[in-house]
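Q: Contents of entry.cif (mmCIF, C-alpha atoms and all ligand atoms):
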data_start
loop_
_atom_site.label_atom_id
_atom_site.label_comp_id
_atom_site.auth_asym_id
_atom_site.auth_seq_id
_atom_site.Cartn_x
_atom_site.Cartn_y
_atom_site.Cartn_z
CA MET A 175 -14.61 48.42 -23.70
CA GLU A 176 -11.89 47.72 -26.21
CA THR A 177 -12.26 47.00 -29.89
CA ILE A 178 -11.11 43.59 -31.00
CA VAL A 179 -10.49 42.29 -34.53
CA SER A 180 -9.35 38.91 -35.75
CA GLY A 181 -9.91 36.51 -38.62
CA VAL A 182 -9.28 33.06 -40.00
CA ARG A 183 -8.50 32.39 -43.66
CA SER A 184 -11.05 30.38 -45.62
CA THR A 185 -8.67 27.62 -46.57
CA GLY A 186 -10.29 24.58 -44.93
CA LYS A 187 -11.48 23.15 -41.66
CA LEU A 188 -10.31 24.64 -38.34
CA HIS A 189 -7.76 22.65 -36.37
CA LEU A 190 -6.67 22.69 -32.73
CA GLY A 191 -4.06 25.37 -33.52
CA ASN A 192 -6.71 27.74 -34.88
CA TYR A 193 -8.92 27.01 -31.90
CA TYR A 194 -6.46 27.38 -29.03
CA GLY A 195 -4.38 30.07 -30.75
CA ALA A 196 -7.31 32.22 -31.81
CA VAL A 197 -10.98 31.15 -31.78
CA SER A 198 -11.22 30.07 -28.11
CA ASN A 199 -10.12 33.60 -27.24
CA PHE A 200 -12.71 35.10 -29.61
CA VAL A 201 -15.43 33.27 -27.70
CA LYS A 202 -14.35 34.75 -24.38
CA MET A 203 -13.68 38.23 -25.72
CA GLN A 204 -17.12 38.64 -27.29
CA LYS A 205 -18.59 38.84 -23.79
CA GLU A 206 -16.43 41.75 -22.73
CA HIS A 207 -15.55 43.81 -25.78
CA ASN A 208 -16.66 45.30 -29.07
CA CYS A 209 -15.61 42.41 -31.32
CA PHE A 210 -15.24 42.00 -35.07
CA PHE A 211 -14.44 38.46 -36.21
CA PHE A 212 -14.26 37.72 -39.89
CA ILE A 213 -13.47 35.15 -42.54
CA ALA A 214 -10.35 36.26 -44.40
CA ASP A 215 -11.37 35.25 -47.91
CA TYR A 216 -9.35 38.02 -49.62
CA HIS A 217 -6.28 36.63 -47.86
CA SER A 218 -7.09 33.09 -48.96
CA LEU A 219 -6.84 34.18 -52.61
CA THR A 220 -3.05 34.36 -52.19
CA THR A 221 -2.94 30.55 -52.07
CA HIS A 222 -6.49 29.31 -52.80
CA PRO A 223 -7.75 31.44 -55.71
CA THR A 224 -10.57 29.45 -57.38
CA PRO A 225 -14.34 29.54 -56.79
CA ASP A 226 -14.16 25.88 -55.80
CA ASN A 227 -11.63 26.75 -53.09
CA LEU A 228 -13.78 29.62 -51.84
CA HIS A 229 -17.37 28.42 -51.73
CA GLY A 230 -17.17 25.51 -49.31
CA ASN A 231 -14.38 26.96 -47.22
CA ILE A 232 -16.06 30.28 -46.41
CA LYS A 233 -19.14 28.42 -45.24
CA GLN A 234 -16.99 25.95 -43.29
CA VAL A 235 -15.29 28.70 -41.26
CA LEU A 236 -18.60 30.45 -40.55
CA VAL A 237 -20.16 27.16 -39.41
CA GLU A 238 -17.19 26.45 -37.16
CA TYR A 239 -17.20 29.98 -35.71
CA LEU A 240 -20.81 29.46 -34.65
CA ALA A 241 -20.20 25.90 -33.47
CA ALA A 242 -17.30 27.11 -31.32
CA GLY A 243 -19.66 29.53 -29.59
CA LEU A 244 -19.40 32.83 -31.44
CA ASP A 245 -22.68 34.68 -31.09
CA PRO A 246 -23.77 37.08 -33.87
CA GLU A 247 -25.72 39.08 -31.29
CA LYS A 248 -22.56 39.72 -29.28
CA ALA A 249 -19.83 39.96 -31.92
CA THR A 250 -19.89 41.23 -35.48
CA LEU A 251 -19.23 38.16 -37.65
CA TYR A 252 -18.58 38.89 -41.32
CA ILE A 253 -16.93 37.82 -44.52
CA GLN A 254 -14.00 40.07 -45.46
CA SER A 255 -15.02 40.39 -49.13
CA ASP A 256 -18.44 41.72 -48.05
CA VAL A 257 -16.62 44.83 -46.80
CA PRO A 258 -14.91 46.43 -49.81
CA GLU A 259 -13.80 49.37 -47.63
CA ILE A 260 -11.06 47.01 -46.38
CA ALA A 261 -9.67 46.76 -49.91
CA GLU A 262 -9.68 50.55 -50.15
CA LEU A 263 -7.78 50.96 -46.88
CA TYR A 264 -5.37 48.23 -48.06
CA LEU A 265 -4.60 50.40 -51.09
CA TYR A 266 -3.82 53.41 -48.91
CA MET A 267 -1.77 51.37 -46.44
CA ASN A 268 0.34 50.00 -49.31
CA MET A 269 1.77 53.52 -49.58
CA ASN A 270 3.05 53.17 -46.01
CA ALA A 271 4.71 49.78 -46.45
CA TYR A 272 8.20 49.38 -47.85
CA VAL A 273 8.96 46.53 -50.25
CA GLY A 274 12.18 45.71 -48.37
CA GLU A 275 10.43 45.16 -45.04
CA LEU A 276 7.71 43.06 -46.67
CA GLU A 277 10.34 40.88 -48.34
CA ARG A 278 12.11 40.37 -45.03
CA SER A 279 9.00 39.20 -43.16
CA ALA A 280 9.33 35.64 -41.89
CA SER A 281 5.90 34.64 -43.14
CA PHE A 282 6.68 35.86 -46.68
CA LYS A 283 9.86 33.79 -46.69
CA ASP A 284 7.88 30.73 -45.51
CA LYS A 285 5.18 31.36 -48.06
CA ILE A 286 7.56 31.65 -50.99
CA ARG A 287 9.12 28.36 -49.96
CA ALA A 288 5.70 26.71 -49.90
CA ASN A 289 4.34 28.40 -53.06
CA ALA A 290 7.51 28.62 -55.17
CA ASP A 291 5.57 28.44 -58.45
CA ASN A 292 3.21 31.30 -57.53
CA VAL A 293 5.00 34.07 -55.64
CA ASN A 294 2.30 36.67 -56.28
CA ALA A 295 2.25 40.26 -55.06
CA GLY A 296 -0.67 39.37 -52.78
CA LEU A 297 1.68 37.17 -50.77
CA LEU A 298 4.13 40.04 -50.44
CA THR A 299 1.50 42.51 -49.30
CA TYR A 300 -0.37 40.02 -47.10
CA PRO A 301 0.65 41.92 -43.92
CA VAL A 302 -0.64 45.19 -45.41
CA LEU A 303 -4.08 43.68 -46.00
CA MET A 304 -3.97 42.33 -42.47
CA ALA A 305 -3.13 45.80 -41.14
CA ALA A 306 -6.11 47.19 -43.09
CA ASP A 307 -8.38 44.54 -41.48
CA ILE A 308 -7.29 45.65 -38.04
CA LEU A 309 -7.02 49.40 -38.51
CA ILE A 310 -10.37 49.71 -40.29
CA HIS A 311 -12.13 49.18 -36.93
CA HIS A 312 -9.41 50.80 -34.74
CA ALA A 313 -8.75 47.56 -32.88
CA THR A 314 -6.33 47.56 -29.95
CA LYS A 315 -6.29 43.81 -29.26
CA VAL A 316 -5.97 41.07 -31.84
CA PRO A 317 -6.35 37.48 -30.63
CA VAL A 318 -3.97 35.39 -32.76
CA GLY A 319 -1.44 32.58 -32.53
CA LYS A 320 2.29 33.12 -32.10
CA ASP A 321 2.86 32.91 -35.86
CA GLN A 322 1.06 36.23 -36.34
CA GLU A 323 3.15 38.29 -33.91
CA GLN A 324 5.33 39.81 -36.62
CA HIS A 325 2.25 40.77 -38.65
CA LEU A 326 0.96 42.73 -35.66
CA GLU A 327 4.26 44.53 -35.37
CA MET A 328 3.96 45.46 -39.04
CA ALA A 329 0.36 46.66 -38.55
CA ARG A 330 1.64 49.02 -35.83
CA THR A 331 4.45 50.20 -38.10
CA PHE A 332 2.12 50.97 -41.04
CA GLY A 333 -0.43 52.71 -38.79
CA ASN A 334 2.26 54.78 -37.10
CA ARG A 335 3.78 55.71 -40.45
CA PHE A 336 0.38 56.91 -41.64
CA ASN A 337 -0.01 58.94 -38.44
CA HIS A 338 3.44 60.44 -38.88
CA LEU A 339 2.93 61.27 -42.55
CA TYR A 340 -0.38 63.03 -41.94
CA LYS A 341 0.56 64.47 -38.54
CA THR A 342 -2.31 62.77 -36.77
CA ASP A 343 -2.90 60.22 -34.03
CA TYR A 344 -5.76 58.69 -35.98
CA PHE A 345 -4.73 55.02 -35.86
CA LYS A 346 -4.27 53.25 -32.53
CA GLU A 347 -1.61 50.60 -31.96
CA PRO A 348 -2.96 47.03 -32.09
CA TYR A 349 -1.35 44.24 -30.07
CA ALA A 350 -1.55 40.46 -30.39
CA PHE A 351 -3.45 38.87 -27.52
CA ASN A 352 -4.12 35.58 -25.79
CA TYR A 353 -5.84 35.11 -22.41
CA ALA A 354 -3.02 32.71 -21.51
CA LYS A 355 -0.78 35.86 -21.35
CA GLU A 356 1.60 34.37 -23.89
CA LEU A 357 0.75 33.75 -27.53
CA VAL A 358 0.52 30.05 -28.26
CA LYS A 359 1.90 27.84 -30.96
CA ILE A 360 0.15 24.47 -31.02
CA PRO A 361 2.48 21.90 -32.54
CA GLY A 362 1.44 19.32 -35.11
CA LEU A 363 1.58 15.54 -34.80
CA ASP A 364 4.44 15.05 -37.25
CA GLY A 365 7.14 15.73 -34.65
CA LYS A 366 8.25 18.93 -36.40
CA GLY A 367 6.74 22.41 -36.42
CA LYS A 368 3.32 23.93 -35.82
CA MET A 369 -0.03 22.37 -36.51
CA GLY A 370 -1.13 23.63 -39.91
CA LYS A 371 -3.61 23.04 -42.69
CA SER A 372 -0.91 22.55 -45.28
CA GLU A 373 1.51 20.37 -43.30
CA GLY A 374 0.06 17.00 -44.32
CA GLU A 375 -3.22 15.25 -43.61
CA ASN A 376 -2.13 13.59 -40.35
CA ASN A 377 -0.33 16.57 -38.86
CA ALA A 378 -3.47 18.42 -37.80
CA VAL A 379 -6.44 17.41 -35.67
CA TYR A 380 -9.53 19.20 -36.95
CA LEU A 381 -12.44 20.26 -34.76
CA ALA A 382 -14.68 18.36 -37.17
CA ASP A 383 -12.68 15.10 -36.98
CA SER A 384 -14.62 12.11 -35.65
CA PRO A 385 -13.39 10.37 -32.47
CA GLU A 386 -12.14 7.45 -34.60
CA ILE A 387 -10.07 9.75 -36.80
CA ILE A 388 -8.69 11.61 -33.78
CA ARG A 389 -7.62 8.29 -32.19
CA LYS A 390 -5.99 7.15 -35.44
CA LYS A 391 -4.09 10.40 -35.96
CA VAL A 392 -2.84 10.65 -32.38
CA MET A 393 -1.78 6.99 -32.22
CA LYS A 394 0.25 7.58 -35.40
CA ALA A 395 2.00 10.66 -33.97
CA VAL A 396 5.78 10.49 -34.08
CA THR A 397 7.50 9.43 -30.82
CA ASP A 398 10.98 8.16 -29.90
CA ALA A 399 12.32 5.08 -28.09
CA GLY A 400 11.50 6.55 -24.67
CA PRO A 401 13.38 8.45 -21.97
CA THR A 402 16.48 6.99 -20.35
CA GLN A 403 18.08 7.76 -16.99
CA ASP A 404 20.87 9.77 -18.62
CA ASN A 405 18.72 11.59 -21.10
CA GLN A 406 15.58 13.06 -19.71
CA GLU A 407 15.46 16.14 -21.89
CA LYS A 408 12.37 15.71 -24.03
CA PRO A 409 13.02 15.51 -27.75
CA GLN A 410 10.94 17.85 -29.93
CA GLU A 411 8.35 15.25 -30.98
CA ILE A 412 7.60 14.31 -27.37
CA GLN A 413 7.56 17.89 -26.14
CA ASN A 414 5.03 18.60 -28.90
CA LEU A 415 2.62 15.98 -27.56
CA PHE A 416 3.03 17.35 -24.03
CA ASP A 417 2.30 20.84 -25.39
CA ILE A 418 -0.96 19.61 -26.90
CA MET A 419 -1.79 17.85 -23.63
CA LYS A 420 -1.25 21.15 -21.81
CA VAL A 421 -4.22 22.72 -23.61
CA VAL A 422 -6.65 19.80 -23.81
CA SER A 423 -6.10 17.83 -20.59
CA THR A 424 -6.52 18.64 -16.90
CA PRO A 425 -3.47 19.88 -14.95
CA ASP A 426 -3.56 16.60 -12.96
CA THR A 427 -3.34 14.46 -16.08
CA LEU A 428 -0.47 16.54 -17.39
CA ALA A 429 1.36 16.37 -14.05
CA HIS A 430 0.89 12.59 -13.94
CA PHE A 431 2.47 12.04 -17.38
CA GLU A 432 5.25 14.52 -16.63
CA GLU A 433 6.01 12.58 -13.47
CA ILE A 434 6.14 9.15 -15.10
CA TYR A 435 8.14 10.59 -17.98
CA ASN A 436 10.70 11.89 -15.50
CA LYS A 437 10.82 8.49 -13.78
CA CYS A 438 11.32 6.87 -17.23
CA GLU A 439 8.16 4.86 -16.64
CA ILE A 440 6.05 6.38 -19.38
CA ARG A 441 4.44 4.11 -21.99
CA TYR A 442 3.78 6.13 -25.08
CA GLY A 443 0.80 3.96 -26.05
CA ASP A 444 -1.01 4.92 -22.83
CA PHE A 445 0.11 8.52 -23.10
CA LYS A 446 -1.27 8.84 -26.62
CA LYS A 447 -4.51 7.05 -25.71
CA GLN A 448 -5.10 9.56 -22.92
CA LEU A 449 -4.21 12.46 -25.19
CA ALA A 450 -6.63 11.25 -27.89
CA GLU A 451 -9.47 10.84 -25.37
CA ASP A 452 -8.85 14.30 -23.94
CA ILE A 453 -8.87 15.85 -27.42
CA ILE A 454 -12.14 14.04 -28.16
CA ILE A 455 -13.71 15.40 -24.96
CA ALA A 456 -12.40 18.94 -25.54
CA THR A 457 -13.75 19.10 -29.10
CA GLN A 458 -16.98 17.16 -28.59
CA PRO A 459 -19.40 20.08 -28.07
CA ILE A 460 -18.06 21.84 -31.17
CA ARG A 461 -18.05 18.69 -33.30
CA GLU A 462 -21.70 18.02 -32.49
CA LYS A 463 -22.77 21.52 -33.42
CA ILE A 464 -20.81 21.64 -36.69
CA GLU A 465 -23.06 19.04 -38.23
CA TYR A 466 -26.39 20.61 -37.54
CA ILE A 467 -25.32 24.23 -38.14
CA SER A 468 -23.91 23.37 -41.56
CA GLY A 469 -27.38 22.21 -42.65
CA ASP A 470 -28.93 25.57 -41.72
CA SER A 471 -28.21 27.71 -44.79
CA LYS A 472 -30.86 30.24 -43.80
CA LEU A 473 -29.11 30.94 -40.49
CA LEU A 474 -25.71 31.22 -42.19
CA ARG A 475 -27.03 33.67 -44.78
CA GLN A 476 -28.66 35.77 -42.06
CA VAL A 477 -25.53 35.87 -39.92
CA ALA A 478 -23.35 36.89 -42.88
CA LYS A 479 -25.80 39.58 -44.00
CA HIS A 480 -26.28 41.06 -40.53
CA GLY A 481 -22.48 40.99 -39.93
CA ALA A 482 -21.72 42.68 -43.25
CA ILE A 483 -24.08 45.55 -42.43
CA LYS A 484 -22.52 46.13 -39.01
CA ALA A 485 -18.94 45.78 -40.26
CA ARG A 486 -19.57 48.16 -43.17
CA GLU A 487 -21.03 50.76 -40.83
CA SER A 488 -17.78 50.83 -38.87
CA ALA A 489 -15.53 50.50 -41.94
CA SER A 490 -17.20 53.20 -44.02
CA LYS A 491 -16.86 55.71 -41.18
CA THR A 492 -13.09 54.99 -41.12
CA ILE A 493 -12.76 55.27 -44.89
CA LYS A 494 -14.58 58.60 -44.91
CA GLU A 495 -12.23 59.94 -42.23
CA VAL A 496 -9.12 58.49 -43.88
CA ARG A 497 -10.06 60.08 -47.20
CA GLU A 498 -10.37 63.42 -45.44
CA ILE A 499 -7.01 62.99 -43.67
CA ILE A 500 -5.29 62.02 -46.92
CA GLY A 501 -6.80 65.09 -48.56
CA PHE A 502 -9.07 63.80 -51.31
CA ARG A 503 -11.78 66.15 -52.46
CA THR A 504 -10.81 69.40 -50.88
CA PHE A 505 -12.73 71.48 -53.44
P1 LIG B 1 -4.96 31.47 -40.44
O1 LIG B 1 -6.24 31.03 -41.05
O2 LIG B 1 -3.70 30.92 -40.97
O3 LIG B 1 -4.97 31.19 -38.88
C1 LIG B 1 -6.06 31.62 -38.09
C2 LIG B 1 -5.61 31.81 -36.65
O4 LIG B 1 -5.13 30.58 -36.12
C3 LIG B 1 -3.84 30.76 -35.55
N1 LIG B 1 -3.06 29.54 -35.70
C4 LIG B 1 -2.39 28.96 -34.70
N2 LIG B 1 -2.24 29.29 -33.40
C5 LIG B 1 -1.51 28.48 -32.63
N3 LIG B 1 -0.91 27.35 -33.09
C6 LIG B 1 -1.03 26.98 -34.38
N4 LIG B 1 -0.47 25.86 -34.82
C7 LIG B 1 -1.78 27.80 -35.26
N5 LIG B 1 -2.11 27.73 -36.58
C8 LIG B 1 -2.88 28.82 -36.83
C9 LIG B 1 -3.23 31.92 -36.32
O5 LIG B 1 -2.22 32.54 -35.57
C10 LIG B 1 -4.44 32.80 -36.53
O6 LIG B 1 -4.66 33.59 -35.38
N6 LIG B 1 -3.23 36.01 -41.16
C11 LIG B 1 -4.27 35.37 -40.33
C12 LIG B 1 -5.66 35.72 -40.81
C13 LIG B 1 -5.92 37.19 -40.74
C14 LIG B 1 -6.00 37.99 -39.56
C15 LIG B 1 -6.26 39.32 -40.01
C16 LIG B 1 -5.87 37.72 -38.22
C17 LIG B 1 -6.13 38.01 -41.79
N7 LIG B 1 -6.34 39.29 -41.37
C18 LIG B 1 -6.42 40.39 -39.09
C19 LIG B 1 -6.01 38.78 -37.30
C20 LIG B 1 -6.27 40.08 -37.75
C21 LIG B 1 -3.99 33.87 -40.36
O7 LIG B 1 -2.90 33.45 -40.22
O8 LIG B 1 -5.01 33.04 -40.55
#
Output the structure of this file as structure tokens.
A:
Amino acid sequence: METIVSGVRSTGKLHLGNYYGAVSNFVKMQKEHNCFFFIADYHSLTTHPTPDNLHGNIKQVLVEYLAAGLDPEKATLYIQSDVPEIAELYLYMNMNAYVGELERSASFKDKIRANADNVNAGLLTYPVLMAADILIHHATKVPVGKDQEQHLEMARTFGNRFNHLYKTDYFKEPYAFNYAKELVKIPGLDGKGKMGKSEGENNAVYLADSPEIIRKKVMKAVTDAGPTQDNQEKPQEIQNLFDIMKVVSTPDTLAHFEEIYNKCEIRYGDFKKQLAEDIIIATQPIREKIEYISGDSKLLRQVAKHGAIKARESASKTIKEVREIIGFRTF
């Protein structure tokens, strides 16, 4: 049995990218492994620092974890800030991370573009905190989307540097994981990059969106004038919709639209209608549960409390051992 760790930031509702890139894998992995899935509220402070940002969003992610099928009896589900040992390990791991490599990370460069008026040190050391999240439980597999691949590489680097410095093999190497063999990047509906919470209201389809909203968003998705006999290479915005279809629709549906695209017979209206209906069907069981779980504060409190106890048990053992390796209190 392997140890698995992953998390989602508490910055809003979960979208299809979070689900297919990460959470759908969590649900499968909990049956086979020793899993720790958490709500990354420390991380969310880098961009969403106020109590107003935190309160609703932490609850939202927990509700959606449960609605997606995470089971607190199978996996340890917890809120990152309930486990202060993570912050302590983050401090130690900061000594194994070089400013230059943090500045060069692709996600830091993206983040400073998006948050130009608040380039805080938390953004710079975001990958160090992420390494602490993973190393605190000695995880070997980390189910995440493609955008997190570099962070996993950095987690291995920091862990290995610690091992080298203290002449130990204490930390294991964690690797990014997806059952689909390759890490996925679910594109948004705006015809550009990935689906994201901060890329505009209509770019992302949320698990909690109603069927009407899903239809509206998908029908508004950017398309082009249609394929022609001499140009059958799909432009980015069309490829994006096919990529979403690949995860929500049946292989037959996908093959059918590929075929009529190649014959230049595709009608984007029909294509988008089918895509919207398939998204509605794929998200329906989760959507239905979100509503009733969010009214059950007692359950949510119990899950968070139980998860915090289990996560702290594992984390405090690591911190005790790390303190010994580093050499605190030798008298
Ligand atoms: P966050 O909240 O940005 O994303 C949560 C998970 O969703 C994945 N994801 C996507 N996957 C495919 N296509 C997309 N369009 C898409 N958008 C988001 C992300 O890859 C991620 O797996 N840094 C993490 C949170 C974190 C973490 C950790 C993860 C903090 N500590 C330790 C694993 C292990 C993040 O990006 O969250």
Q: Restricting the calculation to all atoms listed in the file, which member of A:Ile232, A:Cys209, A:Ala290, A:Leu339 is positioned closest to Asn270 in chain A?
A: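 Among the listed residues, the smallest separation from Asn270 in chain A belongs to A:Leu339.
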Q: Using all atoms listed in the file for the distances, tell me which of A:Ala382, A:Gly367, A:Gly319, A:Leu244 is nearest to Ser468 in chain A.
A: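 Answer, going by the shortest atom-to-atom distance: A:Ala382.
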Q: Just checking: using only C-alpha atoms, which residue out of A:Ile360, A:Phe345, A:Lys491, A:Ala450 ends up closest to Ala395 in chain A?
A: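 Answer, going by the shortest atom-to-atom distance: A:Ala450.
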Q: Taking all atoms listed in the file into account, which of A:Ala241, A:Val182, A:Ile213, A:Leu297 comes nearest Tyr466 in chain A?
A: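 Looking at the shortest contact to Tyr466 in chain A, the residue is A:Ala241.
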Q: Which residues of chain A come within 7 Å of ligand LIG 1 (chain B), and for each one, what is the closest pair of atoms and their distance in Å to one decimal, counting only C-alpha atoms and all ligand atoms, sorted by chain and residue number, as JSON lines?
A:
{"residue": "A:Val179", "atom": "CA", "partner": "B:LIG1", "partner_atom": "C20", "distance": 5.7}
{"residue": "A:Ser180", "atom": "CA", "partner": "B:LIG1", "partner_atom": "C19", "distance": 3.7}
{"residue": "A:Gly181", "atom": "CA", "partner": "B:LIG1", "partner_atom": "C16", "distance": 4.2}
{"residue": "A:Val182", "atom": "CA", "partner": "B:LIG1", "partner_atom": "O1", "distance": 3.8}
{"residue": "A:Arg183", "atom": "CA", "partner": "B:LIG1", "partner_atom": "O1", "distance": 3.7}
{"residue": "A:Ser184", "atom": "CA", "partner": "B:LIG1", "partner_atom": "O1", "distance": 6.7}
{"residue": "A:Thr185", "atom": "CA", "partner": "B:LIG1", "partner_atom": "O1", "distance": 6.9}
{"residue": "A:Gly191", "atom": "CA", "partner": "B:LIG1", "partner_atom": "C6", "distance": 3.5}
{"residue": "A:Asn192", "atom": "CA", "partner": "B:LIG1", "partner_atom": "O4", "distance": 3.5}
{"residue": "A:Tyr193", "atom": "CA", "partner": "B:LIG1", "partner_atom": "O4", "distance": 6.7}
{"residue": "A:Tyr194", "atom": "CA", "partner": "B:LIG1", "partner_atom": "C5", "distance": 6.2}
{"residue": "A:Gly195", "atom": "CA", "partner": "B:LIG1", "partner_atom": "N2", "distance": 3.5}
{"residue": "A:Ala196", "atom": "CA", "partner": "B:LIG1", "partner_atom": "O6", "distance": 4.7}
{"residue": "A:Ala214", "atom": "CA", "partner": "B:LIG1", "partner_atom": "C17", "distance": 5.3}
{"residue": "A:His217", "atom": "CA", "partner": "B:LIG1", "partner_atom": "C17", "distance": 6.2}
{"residue": "A:Leu303", "atom": "CA", "partner": "B:LIG1", "partner_atom": "N7", "distance": 6.8}
{"residue": "A:Met304", "atom": "CA", "partner": "B:LIG1", "partner_atom": "N7", "distance": 4.0}
{"residue": "A:Ala305", "atom": "CA", "partner": "B:LIG1", "partner_atom": "C18", "distance": 6.7}
{"residue": "A:Asp307", "atom": "CA", "partner": "B:LIG1", "partner_atom": "C18", "distance": 5.2}
{"residue": "A:Ile308", "atom": "CA", "partner": "B:LIG1", "partner_atom": "C18", "distance": 5.4}
{"residue": "A:Val316", "atom": "CA", "partner": "B:LIG1", "partner_atom": "C19", "distance": 5.9}
{"residue": "A:Pro317", "atom": "CA", "partner": "B:LIG1", "partner_atom": "O6", "distance": 6.4}
{"residue": "A:Val318", "atom": "CA", "partner": "B:LIG1", "partner_atom": "O6", "distance": 3.3}
{"residue": "A:Gly319", "atom": "CA", "partner": "B:LIG1", "partner_atom": "O5", "distance": 3.1}
{"residue": "A:Lys320", "atom": "CA", "partner": "B:LIG1", "partner_atom": "O5", "distance": 5.7}
{"residue": "A:Asp321", "atom": "CA", "partner": "B:LIG1", "partner_atom": "O5", "distance": 5.1}
{"residue": "A:Gln322", "atom": "CA", "partner": "B:LIG1", "partner_atom": "O5", "distance": 5.0}
{"residue": "A:Val358", "atom": "CA", "partner": "B:LIG1", "partner_atom": "C5", "distance": 5.1}
{"residue": "A:Lys359", "atom": "CA", "partner": "B:LIG1", "partner_atom": "N3", "distance": 3.6}
{"residue": "A:Ile360", "atom": "CA", "partner": "B:LIG1", "partner_atom": "N3", "distance": 3.7}
{"residue": "A:Pro361", "atom": "CA", "partner": "B:LIG1", "partner_atom": "N4", "distance": 5.4}
{"residue": "A:Gly362", "atom": "CA", "partner": "B:LIG1", "partner_atom": "N4", "distance": 6.8}
{"residue": "A:Lys368", "atom": "CA", "partner": "B:LIG1", "partner_atom": "N4", "distance": 4.4}
{"residue": "A:Met369", "atom": "CA", "partner": "B:LIG1", "partner_atom": "N4", "distance": 3.9}
{"residue": "A:Gly370", "atom": "CA", "partner": "B:LIG1", "partner_atom": "N5", "distance": 5.4}
Q: Deliver the residues from the most recent selection as a file, using C-alpha atoms, as a PDB file, in the coordinates of the input.
A:
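Okay, selection_10.pdb is ready:
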ATOM      1  CA  VAL A 179     -10.490  42.290 -34.530  1.00  0.00           C
ATOM      2  CA  SER A 180      -9.350  38.910 -35.750  1.00  0.00           C
ATOM      3  CA  GLY A 181      -9.910  36.510 -38.620  1.00  0.00           C
ATOM      4  CA  VAL A 182      -9.280  33.060 -40.000  1.00  0.00           C
ATOM      5  CA  ARG A 183      -8.500  32.390 -43.660  1.00  0.00           C
ATOM      6  CA  SER A 184     -11.050  30.380 -45.620  1.00  0.00           C
ATOM      7  CA  THR A 185      -8.670  27.620 -46.570  1.00  0.00           C
ATOM      8  CA  GLY A 191      -4.060  25.370 -33.520  1.00  0.00           C
ATOM      9  CA  ASN A 192      -6.710  27.740 -34.880  1.00  0.00           C
ATOM     10  CA  TYR A 193      -8.920  27.010 -31.900  1.00  0.00           C
ATOM     11  CA  TYR A 194      -6.460  27.380 -29.030  1.00  0.00           C
ATOM     12  CA  GLY A 195      -4.380  30.070 -30.750  1.00  0.00           C
ATOM     13  CA  ALA A 196      -7.310  32.220 -31.810  1.00  0.00           C
ATOM     14  CA  ALA A 214     -10.350  36.260 -44.400  1.00  0.00           C
ATOM     15  CA  HIS A 217      -6.280  36.630 -47.860  1.00  0.00           C
ATOM     16  CA  LEU A 303      -4.080  43.680 -46.000  1.00  0.00           C
ATOM     17  CA  MET A 304      -3.970  42.330 -42.470  1.00  0.00           C
ATOM     18  CA  ALA A 305      -3.130  45.800 -41.140  1.00  0.00           C
ATOM     19  CA  ASP A 307      -8.380  44.540 -41.480  1.00  0.00           C
ATOM     20  CA  ILE A 308      -7.290  45.650 -38.040  1.00  0.00           C
ATOM     21  CA  VAL A 316      -5.970  41.070 -31.840  1.00  0.00           C
ATOM     22  CA  PRO A 317      -6.350  37.480 -30.630  1.00  0.00           C
ATOM     23  CA  VAL A 318      -3.970  35.390 -32.760  1.00  0.00           C
ATOM     24  CA  GLY A 319      -1.440  32.580 -32.530  1.00  0.00           C
ATOM     25  CA  LYS A 320       2.290  33.120 -32.100  1.00  0.00           C
ATOM     26  CA  ASP A 321       2.860  32.910 -35.860  1.00  0.00           C
ATOM     27  CA  GLN A 322       1.060  36.230 -36.340  1.00  0.00           C
ATOM     28  CA  VAL A 358       0.520  30.050 -28.260  1.00  0.00           C
ATOM     29  CA  LYS A 359       1.900  27.840 -30.960  1.00  0.00           C
ATOM     30  CA  ILE A 360       0.150  24.470 -31.020  1.00  0.00           C
ATOM     31  CA  PRO A 361       2.480  21.900 -32.540  1.00  0.00           C
ATOM     32  CA  GLY A 362       1.440  19.320 -35.110  1.00  0.00           C
ATOM     33  CA  LYS A 368       3.320  23.930 -35.820  1.00  0.00           C
ATOM     34  CA  MET A 369      -0.030  22.370 -36.510  1.00  0.00           C
ATOM     35  CA  GLY A 370      -1.130  23.630 -39.910  1.00  0.00           C
TER      36      GLY A 370
END
Q: Which neighbours of Leu415 in chain A fall inside 9 Å, counting all atoms listed in the file, when residues of the same chain fewer than 4 positions from it are skipped, and could you give them as JSON, numbers by chain?
A: {"A": [361, 362, 363, 365, 395, 397, 410, 411, 419, 420, 446, 449]}
Q: For range 337-349 of chain A of the structure just presented, write C-alpha atoms to a file, as a tab-separated table (two decimals), in the first residue's frame.
A:
chain	number	residue	atom	x	y	z
A	337	ASN	CA	18.58	13.74	2.59
A	338	HIS	CA	21.96	14.72	1.18
A	339	LEU	CA	22.59	17.41	3.79
A	340	TYR	CA	21.81	15.10	6.70
A	341	LYS	CA	23.22	11.95	5.09
A	342	THR	CA	19.94	10.09	5.34
A	343	ASP	CA	17.37	8.47	3.07
A	344	TYR	CA	14.55	9.76	5.24
A	345	PHE	CA	12.36	11.37	2.57
A	346	LYS	CA	11.01	9.32	-0.32
A	347	GLU	CA	10.60	10.72	-3.83
A	348	PRO	CA	7.01	11.71	-4.66
A	349	TYR	CA	5.70	11.56	-8.24
